[in-house]
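Q: Pasting query_37.cif here (mmCIF, C-alpha atoms and all ligand atoms):
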data_coords
#
loop_
_atom_site.group_PDB
_atom_site.id
_atom_site.type_symbol
_atom_site.label_atom_id
_atom_site.label_comp_id
_atom_site.auth_asym_id
_atom_site.auth_seq_id
_atom_site.Cartn_x
_atom_site.Cartn_y
_atom_site.Cartn_z
ATOM 1 C CA MET L 1 -5.485 19.342 -23.540
ATOM 2 C CA ILE L 2 -5.199 16.257 -21.326
ATOM 3 C CA ASN L 3 -2.438 17.778 -19.202
ATOM 4 C CA ARG L 4 -4.205 21.109 -18.751
ATOM 5 C CA LEU L 5 -7.567 19.573 -17.858
ATOM 6 C CA ALA L 6 -6.038 17.093 -15.427
ATOM 7 C CA VAL L 7 -4.319 19.796 -13.425
ATOM 8 C CA GLN L 8 -7.222 22.239 -13.618
ATOM 9 C CA THR L 9 -9.538 19.686 -12.040
ATOM 10 C CA LEU L 10 -7.293 18.481 -9.208
ATOM 11 C CA PRO L 11 -9.020 18.397 -5.808
ATOM 12 C CA ALA L 12 -8.437 21.423 -3.579
ATOM 13 C CA ASP L 13 -6.292 19.488 -1.096
ATOM 14 C CA VAL L 14 -3.471 19.259 -3.680
ATOM 15 C CA PRO L 15 -0.997 22.143 -3.125
ATOM 16 C CA ALA L 16 -2.024 25.294 -4.978
ATOM 17 C CA PHE L 17 1.342 25.793 -6.720
ATOM 18 C CA LEU L 18 0.438 22.902 -9.049
ATOM 19 C CA ARG L 19 -2.649 24.732 -10.324
ATOM 20 C CA ALA L 20 -1.037 28.162 -10.650
ATOM 21 C CA PRO L 21 -1.096 29.624 -14.198
ATOM 22 C CA ALA L 22 2.659 29.225 -14.710
ATOM 23 C CA ALA L 23 2.514 25.565 -13.651
ATOM 24 C CA LEU L 24 -0.458 24.935 -15.945
ATOM 25 C CA ASP L 25 1.444 26.413 -18.886
ATOM 26 C CA GLU L 26 4.543 24.344 -18.094
ATOM 27 C CA ILE L 27 2.580 21.106 -17.655
ATOM 28 C CA GLU L 28 0.747 21.741 -20.924
ATOM 29 C CA TYR L 29 4.076 22.398 -22.678
ATOM 30 C CA LEU L 30 5.466 19.115 -21.307
ATOM 31 C CA GLY L 31 2.599 17.052 -22.746
ATOM 32 C CA PRO L 32 4.478 16.379 -26.008
ATOM 33 C CA GLU L 33 7.919 16.349 -24.317
ATOM 34 C CA PRO L 34 8.660 12.615 -24.820
ATOM 35 C CA ASP L 35 7.889 13.025 -28.525
ATOM 36 C CA ARG L 36 10.711 15.583 -28.639
ATOM 37 C CA TRP L 37 12.992 12.672 -27.694
ATOM 38 C CA ARG L 38 11.979 10.709 -30.806
ATOM 39 C CA SER L 39 14.632 12.213 -33.027
ATOM 40 C CA PRO L 40 17.465 10.675 -35.033
ATOM 41 C CA ALA L 41 19.588 13.465 -33.541
ATOM 42 C CA GLU L 42 19.504 11.531 -30.234
ATOM 43 C CA PRO L 43 19.662 7.923 -31.463
ATOM 44 C CA GLU L 44 20.335 6.171 -28.140
ATOM 45 C CA LEU L 45 17.560 8.024 -26.317
ATOM 46 C CA ASN L 46 15.190 7.483 -29.213
ATOM 47 C CA ALA L 47 15.805 3.736 -29.256
ATOM 48 C CA ALA L 48 15.420 3.363 -25.496
ATOM 49 C CA GLN L 49 12.263 5.420 -25.058
ATOM 50 C CA ALA L 50 10.266 4.872 -28.252
ATOM 51 C CA PRO L 51 8.777 1.599 -26.850
ATOM 52 C CA GLU L 52 7.533 3.486 -23.790
ATOM 53 C CA HIS L 53 4.771 5.156 -25.806
ATOM 54 C CA PHE L 54 2.789 1.975 -26.525
ATOM 55 C CA ILE L 55 2.078 -1.605 -25.576
ATOM 56 C CA ASP L 56 0.722 -4.223 -27.936
ATOM 57 C CA LEU L 57 -1.448 -6.040 -25.418
ATOM 58 C CA GLU L 58 -2.033 -8.946 -27.818
ATOM 59 C CA LEU L 59 1.723 -9.633 -27.619
ATOM 60 C CA ALA L 60 2.283 -8.684 -23.976
ATOM 61 C CA ASP L 61 -0.420 -11.082 -22.815
ATOM 62 C CA LYS L 62 1.842 -14.015 -23.620
ATOM 63 C CA PHE L 63 3.693 -12.970 -20.451
ATOM 64 C CA LEU L 64 0.867 -12.966 -17.887
ATOM 65 C CA PRO L 65 0.836 -12.048 -15.128
ATOM 66 C CA LEU L 66 2.747 -8.988 -16.300
ATOM 67 C CA PRO L 67 5.719 -8.489 -13.951
ATOM 68 C CA HIS L 68 5.521 -5.128 -12.203
ATOM 69 C CA LYS L 69 9.222 -4.455 -12.597
ATOM 70 C CA ARG L 70 10.461 -3.475 -16.051
ATOM 71 C CA LEU L 71 13.616 -5.574 -15.971
ATOM 72 C CA ASP L 72 11.684 -8.686 -14.909
ATOM 73 C CA PHE L 73 9.366 -8.256 -17.903
ATOM 74 C CA GLU L 74 12.287 -7.611 -20.248
ATOM 75 C CA ALA L 75 14.094 -10.692 -18.961
ATOM 76 C CA GLU L 76 11.034 -12.849 -19.693
ATOM 77 C CA VAL L 77 10.738 -11.372 -23.161
ATOM 78 C CA PHE L 78 14.406 -11.921 -23.998
ATOM 79 C CA ALA L 79 14.196 -15.464 -22.608
ATOM 80 C CA ALA L 80 11.328 -16.130 -25.060
ATOM 81 C CA GLY L 81 13.561 -15.006 -27.925
ATOM 82 C CA GLU L 82 11.646 -11.754 -28.377
ATOM 83 C CA ARG L 83 12.465 -8.055 -27.952
ATOM 84 C CA PRO L 84 10.740 -5.593 -25.587
ATOM 85 C CA GLU L 85 10.678 -2.845 -28.206
ATOM 86 C CA THR L 86 8.371 -4.864 -30.452
ATOM 87 C CA ILE L 87 5.869 -5.352 -27.580
ATOM 88 C CA GLY L 88 6.077 -1.954 -25.894
ATOM 89 C CA LEU L 89 6.797 -0.714 -22.385
ATOM 90 C CA GLN L 90 3.949 1.731 -21.711
ATOM 91 C CA PRO L 91 2.782 0.588 -18.261
ATOM 92 C CA TRP L 92 6.307 0.318 -16.857
ATOM 93 C CA GLU L 93 7.246 3.809 -17.957
ATOM 94 C CA ALA L 94 3.976 5.318 -16.722
ATOM 95 C CA ASP L 95 4.294 3.619 -13.342
ATOM 96 C CA GLU L 96 7.946 4.642 -12.957
ATOM 97 C CA VAL L 97 7.254 8.294 -13.797
ATOM 98 C CA TRP L 98 4.327 8.210 -11.358
ATOM 99 C CA GLU L 99 6.680 6.908 -8.677
ATOM 100 C CA ARG L 100 9.121 9.742 -9.466
ATOM 101 C CA LEU L 101 6.247 12.176 -8.974
ATOM 102 C CA LYS L 102 5.322 10.566 -5.665
ATOM 103 C CA ALA L 103 8.938 10.678 -4.462
ATOM 104 C CA ALA L 104 9.171 14.389 -5.314
ATOM 105 C CA MET L 105 5.909 15.047 -3.467
ATOM 106 C CA ARG L 106 7.268 13.217 -0.443
ATOM 107 C CA ALA L 107 10.331 15.472 -0.522
ATOM 108 C CA TYR L 108 8.005 18.477 -0.782
ATOM 109 C CA ARG L 109 6.166 17.375 2.351
ATOM 110 C CA GLN L 110 9.425 16.940 4.256
ATOM 111 C CA LEU L 111 11.020 20.283 3.389
ATOM 112 C CA PRO L 112 9.234 22.564 5.873
ATOM 113 C CA ALA L 113 10.552 20.436 8.705
ATOM 114 C CA GLU L 114 14.036 21.143 7.371
ATOM 115 C CA ASP L 115 13.318 24.882 6.956
ATOM 116 C CA LYS L 116 14.235 24.821 3.238
ATOM 117 C CA ASP L 117 12.859 26.620 0.177
ATOM 118 C CA ARG L 118 10.159 24.609 -1.606
ATOM 119 C CA HIS L 119 10.530 26.256 -5.017
ATOM 120 C CA PRO L 120 13.102 23.795 -6.436
ATOM 121 C CA VAL L 121 11.068 20.712 -5.535
ATOM 122 C CA GLU L 122 7.924 22.376 -6.875
ATOM 123 C CA GLN L 123 9.676 22.604 -10.255
ATOM 124 C CA ALA L 124 10.499 18.900 -10.093
ATOM 125 C CA ILE L 125 6.875 18.011 -9.283
ATOM 126 C CA ILE L 126 5.636 20.131 -12.199
ATOM 127 C CA PHE L 127 8.066 18.400 -14.550
ATOM 128 C CA TYR L 128 7.123 14.878 -13.441
ATOM 129 C CA ALA L 129 3.394 15.635 -13.644
ATOM 130 C CA GLY L 130 3.766 16.994 -17.179
ATOM 131 C CA TRP L 131 6.012 14.141 -18.281
ATOM 132 C CA LEU L 132 3.563 11.577 -16.865
ATOM 133 C CA GLY L 133 0.731 13.174 -18.795
ATOM 134 C CA HIS L 134 2.270 12.197 -22.096
ATOM 135 C CA TYR L 135 2.048 8.488 -21.387
ATOM 136 C CA VAL L 136 -1.385 8.636 -19.779
ATOM 137 C CA GLY L 137 -2.555 10.502 -22.873
ATOM 138 C CA ASP L 138 -1.017 7.875 -25.144
ATOM 139 C CA GLY L 139 -2.743 5.265 -23.001
ATOM 140 C CA SER L 140 -6.174 6.755 -23.718
ATOM 141 C CA GLN L 141 -5.643 6.273 -27.471
ATOM 142 C CA PRO L 142 -6.745 2.733 -28.381
ATOM 143 C CA LEU L 143 -4.183 2.474 -31.178
ATOM 144 C CA HIS L 144 -1.373 2.751 -28.589
ATOM 145 C CA THR L 145 -2.471 -0.561 -27.036
ATOM 146 C CA THR L 146 -2.565 -2.866 -30.036
ATOM 147 C CA ILE L 147 -0.863 -4.569 -32.952
ATOM 148 C CA GLN L 148 -3.510 -2.683 -35.000
ATOM 149 C CA TYR L 149 -1.391 0.418 -34.399
ATOM 150 C CA ASN L 150 -1.685 2.059 -37.788
ATOM 151 C CA GLY L 151 -3.679 0.076 -40.346
ATOM 152 C CA TRP L 152 -5.408 -3.274 -39.832
ATOM 153 C CA VAL L 153 -3.193 -6.374 -39.960
ATOM 154 C CA GLY L 154 -4.219 -10.027 -40.255
ATOM 155 C CA PRO L 155 -7.706 -11.322 -41.112
ATOM 156 C CA ASN L 156 -9.906 -8.385 -42.082
ATOM 157 C CA PRO L 157 -13.520 -9.532 -42.625
ATOM 158 C CA HIS L 158 -14.913 -6.021 -42.061
ATOM 159 C CA GLY L 159 -12.605 -4.406 -44.566
ATOM 160 C CA TYR L 160 -10.976 -1.932 -42.190
ATOM 161 C CA THR L 161 -8.349 0.393 -43.562
ATOM 162 C CA THR L 162 -4.879 -1.082 -44.000
ATOM 163 C CA SER L 163 -3.254 2.200 -44.956
ATOM 164 C CA HIS L 164 -0.759 3.641 -42.508
ATOM 165 C CA GLN L 165 -2.669 6.859 -41.851
ATOM 166 C CA ILE L 166 -5.415 6.153 -39.352
ATOM 167 C CA HIS L 167 -3.267 6.639 -36.245
ATOM 168 C CA TRP L 168 -2.162 10.205 -36.892
ATOM 169 C CA GLN L 169 -5.344 11.128 -38.775
ATOM 170 C CA PHE L 170 -7.328 10.286 -35.635
ATOM 171 C CA GLU L 171 -5.130 11.726 -32.881
ATOM 172 C CA GLY L 172 -3.603 14.610 -34.860
ATOM 173 C CA PRO L 173 -5.524 16.697 -37.393
ATOM 174 C CA PHE L 174 -8.978 15.385 -36.453
ATOM 175 C CA VAL L 175 -8.571 16.300 -32.779
ATOM 176 C CA ALA L 176 -6.978 19.652 -33.579
ATOM 177 C CA ALA L 177 -9.802 20.657 -35.913
ATOM 178 C CA ASN L 178 -12.811 19.331 -34.031
ATOM 179 C CA ILE L 179 -12.317 18.645 -30.343
ATOM 180 C CA HIS L 180 -12.396 21.482 -27.857
ATOM 181 C CA LEU L 181 -11.584 21.742 -24.210
ATOM 182 C CA PRO L 182 -15.103 22.385 -22.815
ATOM 183 C CA GLN L 183 -16.520 19.255 -24.455
ATOM 184 C CA VAL L 184 -13.693 17.127 -23.093
ATOM 185 C CA LYS L 185 -13.993 18.656 -19.630
ATOM 186 C CA ALA L 186 -17.714 17.848 -19.576
ATOM 187 C CA ASP L 187 -16.920 14.173 -20.211
ATOM 188 C CA MET L 188 -14.450 13.855 -17.318
ATOM 189 C CA THR L 189 -15.291 11.640 -14.353
ATOM 190 C CA PRO L 190 -15.354 13.015 -10.776
ATOM 191 C CA ALA L 191 -11.921 13.156 -9.139
ATOM 192 C CA LYS L 192 -10.988 10.184 -7.001
ATOM 193 C CA ALA L 193 -7.998 8.523 -5.386
ATOM 194 C CA ILE L 194 -6.977 5.341 -7.198
ATOM 195 C CA PRO L 195 -7.202 2.426 -4.786
ATOM 196 C CA GLY L 196 -4.682 -0.395 -4.605
ATOM 197 C CA ASP L 197 -1.545 -0.945 -6.631
ATOM 198 C CA MET L 198 -0.837 1.721 -9.266
ATOM 199 C CA PHE L 199 0.761 -0.650 -11.801
ATOM 200 C CA ASP L 200 -2.304 -2.883 -11.701
ATOM 201 C CA ALA L 201 -4.654 0.098 -11.929
ATOM 202 C CA TYR L 202 -2.729 1.449 -14.895
ATOM 203 C CA VAL L 203 -2.856 -1.881 -16.747
ATOM 204 C CA THR L 204 -6.619 -1.978 -16.095
ATOM 205 C CA TYR L 205 -6.838 1.515 -17.625
ATOM 206 C CA LEU L 206 -4.926 0.307 -20.706
ATOM 207 C CA ARG L 207 -7.147 -2.770 -21.025
ATOM 208 C CA HIS L 208 -10.223 -0.577 -20.984
ATOM 209 C CA THR L 209 -8.694 1.605 -23.710
ATOM 210 C CA HIS L 210 -7.920 -1.546 -25.679
ATOM 211 C CA THR L 211 -11.620 -2.476 -25.823
ATOM 212 C CA TYR L 212 -12.076 0.450 -28.267
ATOM 213 C CA VAL L 213 -9.517 -0.625 -30.884
ATOM 214 C CA GLU L 214 -12.085 -1.925 -33.355
ATOM 215 C CA LYS L 215 -14.339 1.069 -32.675
ATOM 216 C CA VAL L 216 -11.624 3.380 -34.035
ATOM 217 C CA TYR L 217 -11.520 1.381 -37.271
ATOM 218 C CA GLN L 218 -15.315 1.352 -37.535
ATOM 219 C CA LEU L 219 -15.448 5.118 -37.132
ATOM 220 C CA GLU L 220 -12.701 5.568 -39.703
ATOM 221 C CA LYS L 221 -14.618 3.421 -42.178
ATOM 222 C CA GLU L 222 -17.650 5.691 -41.755
ATOM 223 C CA GLY L 223 -15.545 8.753 -42.576
ATOM 224 C CA GLY L 224 -15.309 9.684 -38.913
ATOM 225 C CA PHE L 225 -11.838 11.189 -39.063
ATOM 226 C CA VAL L 226 -12.083 13.202 -42.280
ATOM 227 C CA GLY L 227 -12.928 16.874 -42.006
ATOM 228 C CA ALA L 228 -15.497 17.437 -39.274
ATOM 229 C CA GLY L 229 -16.082 13.666 -38.974
ATOM 230 C CA THR L 230 -19.391 12.454 -37.548
ATOM 231 C CA ALA L 231 -21.259 13.120 -34.311
ATOM 232 C CA ALA L 232 -20.250 9.631 -33.189
ATOM 233 C CA SER L 233 -16.572 10.157 -33.958
ATOM 234 C CA ARG L 234 -16.482 13.522 -32.204
ATOM 235 C CA ASP L 235 -18.226 12.141 -29.106
ATOM 236 C CA PHE L 236 -15.949 9.115 -29.040
ATOM 237 C CA THR L 237 -12.786 11.182 -29.367
ATOM 238 C CA ALA L 238 -13.829 13.667 -26.673
ATOM 239 C CA GLU L 239 -14.579 10.784 -24.328
ATOM 240 C CA ARG L 240 -11.141 9.246 -24.957
ATOM 241 C CA LEU L 241 -9.397 12.547 -24.199
ATOM 242 C CA ALA L 242 -11.556 12.906 -21.092
ATOM 243 C CA ALA L 243 -10.599 9.402 -19.979
ATOM 244 C CA GLY L 244 -6.923 10.373 -20.293
ATOM 245 C CA ALA L 245 -7.400 13.639 -18.417
ATOM 246 C CA SER L 246 -9.394 11.932 -15.654
ATOM 247 C CA MET L 247 -6.804 9.175 -15.233
ATOM 248 C CA LEU L 248 -3.921 11.662 -15.164
ATOM 249 C CA ARG L 249 -5.718 13.829 -12.584
ATOM 250 C CA ASP L 250 -6.456 10.794 -10.413
ATOM 251 C CA MET L 251 -2.855 9.566 -10.693
ATOM 252 C CA ILE L 252 -1.490 12.979 -9.653
ATOM 253 C CA TYR L 253 -3.990 13.109 -6.795
ATOM 254 C CA SER L 254 -3.077 9.586 -5.698
ATOM 255 C CA ALA L 255 0.629 10.432 -5.816
ATOM 256 C CA TRP L 256 -0.063 13.376 -3.518
ATOM 257 C CA LEU L 257 -2.069 11.295 -1.027
ATOM 258 C CA ASP L 258 0.350 8.366 -1.126
ATOM 259 C CA SER L 259 3.351 10.667 -0.660
ATOM 260 C CA ALA L 260 2.181 11.184 2.945
ATOM 261 C CA GLN L 261 2.668 7.502 3.739
ATOM 262 C CA PRO L 262 5.734 6.626 5.814
ATOM 263 C CA VAL L 263 8.462 4.860 3.822
ATOM 264 C CA PRO L 264 8.885 1.214 4.855
ATOM 265 C CA ASP L 265 12.146 0.666 6.697
ATOM 266 C CA LEU L 266 13.853 -2.190 4.846
ATOM 267 C CA TYR L 267 16.273 -2.676 7.697
ATOM 268 C CA ALA L 268 13.753 -2.785 10.521
ATOM 269 C CA GLY L 269 14.455 -5.769 12.734
ATOM 270 C CA LYS L 270 17.612 -6.755 10.824
HETATM 271 ZN ZN ZN O 1 3.728 9.129 -27.194
#
Would you mind writing the file out in structure tokens?
A:
Amino acid sequence: MINRLAVQTLPADVPAFLRAPAALDEIEYLGPEPDRWRSPAEPELNAAQAPEHFIDLELADKFLPLPHKRLDFEAEVFAAGERPETIGLQPWEADEVWERLKAAMRAYRQLPAEDKDRHPVEQAIIFYAGWLGHYVGDGSQPLHTTIQYNGWVGPNPHGYTTSHQIHWQFEGPFVAANIHLPQVKADMTPAKAIPGDMFDAYVTYLRHTHTYVEKVYQLEKEGGFVGAGTAASRDFTAERLAAGASMLRDMIYSAWLDSAQPVPDLYAGK
């Protein structure tokens, strides 16, 4: 839903191939693609990419300011005697896939000058946009940003659920049964280019998502994710999906605009 809505609502100055029906279908199909890599049949891939679906901000914030480069963050974590896969790598993966998308769009812009067919690079852009959508969608789900990932841990004065069901109950069956595309679309923000540094903007997006962690547990306690849930739980969930779709759309749009920028020449003046 997030992938489809993001692409459907792209501004008109993004190339039309990205909004064509075949591209929409492909981008929607790719939404769950990184979950297809979470299989014991591919153990090395699974181990490397599972941490890219989440970040426990309570743990990551021991390493402020968060380094923008993945290996710098991992080095700090290892130096502290910890492991990146217990903290999560969400913003690094999202930013890197966004940069892949931007690089492919830059190649797309350059091809006419070289009198080459654009179809192959269009396929690459569609793949990167769909792949990116998975992480941006994960990043709209509060339970992907917290140690409270799937059942409350630690002091629990409000008596929130500790059973390991809330995560999937919320984002899986409850969404499938109750949340529909028109409601989510109505909650989306107007399209805009994302100003400034994308890594910083993405971390800000995750921090905003994180402010809703306790809200998810409150809604669950009120029966919000059983059956049809409550009006409050349906509104909340639609807004979260809309936040993901809006962020993905704005990231794709920003990649397109930024792909027009000249590449800095590292060797200028050397
Ligand atoms: Zn995921």
Q: Could you give me the residues within 8 Å of ligand ZN 1 (chain O), counting only C-alpha atoms and all ligand atoms, as a list in words?
A: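 The distance check yields Pro32, Pro34, Asp35, Ala50, Glu52, His53, Phe54, His134, Tyr135, Gly137 and Asp138 of chain L.
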Q: Keeping only C-alpha atoms, take the residues you just selected and write them out as a PDB file, keeping the file's coordinate frame.
A:
ATOM      1  CA  PRO L  32       4.478  16.379 -26.008  1.00  0.00           C
ATOM      2  CA  PRO L  34       8.660  12.615 -24.820  1.00  0.00           C
ATOM      3  CA  ASP L  35       7.889  13.025 -28.525  1.00  0.00           C
ATOM      4  CA  ALA L  50      10.266   4.872 -28.252  1.00  0.00           C
ATOM      5  CA  GLU L  52       7.533   3.486 -23.790  1.00  0.00           C
ATOM      6  CA  HIS L  53       4.771   5.156 -25.806  1.00  0.00           C
ATOM      7  CA  PHE L  54       2.789   1.975 -26.525  1.00  0.00           C
ATOM      8  CA  HIS L 134       2.270  12.197 -22.096  1.00  0.00           C
ATOM      9  CA  TYR L 135       2.048   8.488 -21.387  1.00  0.00           C
ATOM     10  CA  GLY L 137      -2.555  10.502 -22.873  1.00  0.00           C
ATOM     11  CA  ASP L 138      -1.017   7.875 -25.144  1.00  0.00           C
TER      12      ASP L 138
END
Q: Mind pulling up the distance from CA of Ile147 in chain L to CA of Leu219 in chain L?
A: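 Taking CA of Leu219 in chain L as the start and CA of Ile147 in chain L as the end point, the length is 18.0 Å.
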Q: Which residues are close to Ile126 in chain L, i.e. within 12 Å by only C-alpha atoms, leaving aside same-chain residues fewer than 5 positions away? Reply as a PyMOL selection string.
A: chain L and resi 3-4+7+15-31+100-102+104-105+108+119-121+131-133+252
Q: Expand the PyMOL selection byres (((chain L and resi 236) around 12) and not hetatm) into the explicit residue set it covers here, and present it as a VMD selection string.
A: chain L and resid 140 to 142 170 to 171 174 to 175 178 to 179 183 to 184 187 209 212 to 213 215 to 216 218 to 220 224 to 225 229 to 235 237 to 243
Q: With distances taken over only C-alpha atoms, which residue among L:Gln148, L:Thr86, L:Gln123, L:Ser259 lies nearest Glu74 in chain L?
A: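 The answer is L:Thr86, which sits nearest to Glu74 in chain L.
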Q: How far is it from CA of Trp256 in chain L to CA of Arg70 in chain L, in Å with one decimal?
A: 23.5 Å
Q: Pick the closest to His208 in chain L from L:Ala124, L:Leu57, L:Val226, L:Ala268: which is it, counting only C-alpha atoms?
A: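 Among the listed residues, L:Leu57 lies closest to His208 in chain L.
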Q: Please identify all polymer residues within 8 Å of Ile166 in chain L, counting only C-alpha atoms, omitting same-chain residues fewer than 5 positions from it, and present them as a ChimeraX atom specification.
A: /L:150-151,161,220
Q: State, in Å with one decimal place, the distance from CA of Ser163 in chain L to CA of Glu44 in chain L.
A: 29.2 Å
Q: Compare L:Thr211, L:Thr204, L:Ser246, L:Gln261 by their minimum atom-to-atom distance to Leu66 in chain L, counting only C-alpha atoms, and give me the closest one.
A: L:Thr204
Q: Which residues are close to Val77 in chain L, i.e. within 12 Å by all atoms listed in the file, leaving aside same-chain residues fewer than 5 positions away? Reply as a VMD selection string.
A: chain L and resid 59 to 64 66 to 67 70 to 72 82 to 89
Q: Could you give me, as a list in words, the residues that sit within 6 Å of (-1.5, -0.5, -23.6) in the file's coordinates, counting only C-alpha atoms?
A: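 Output: Phe54, Ile55, Leu57, Gly139, His144, Thr145 and Leu206 of chain L.
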Q: Would you mind telling me which residue in L:Glu33, L:Pro190, L:Thr146, L:Ala255 lies nearest to His210 in chain L when using only C-alpha atoms?
A: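 Answer, going by the shortest atom-to-atom distance: L:Thr146.
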Q: Given the choices L:Gly172, L:Pro65, L:Gly244, L:Pro43, which gets closest to Gly227 in chain L if the distance is worked out from all atoms listed in the file?
A: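 Among the listed residues, L:Gly172 lies closest to Gly227 in chain L.
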Q: For each of L:Leu111, L:Ala177, L:Val263, L:Ala245, take the minimum atom-to-atom distance to Thr189 in chain L, counting all atoms listed in the file, then give the residue where this is smallest.
A: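 Of all the options, L:Ala245 lies closest to Thr189 in chain L.
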Q: Using only C-alpha atoms, find all polymer residues with an atom at most 9 Å away from the point (3.9, 6.7, -15.8); report them as a ChimeraX atom specification.
A: /L:90-100,131-136,199,202,251
Q: Grab all the atoms of range 45-63 of chain L that the file lists, wrap them in a box along x, y and z, add 5 Å per side, and give me centre plus edge lengths in Å (one decimal) as JSON.
A:
{"center_x": 7.8, "center_y": -3.0, "center_z": -24.9, "size_x": 29.6, "size_y": 32.0, "size_z": 18.8}
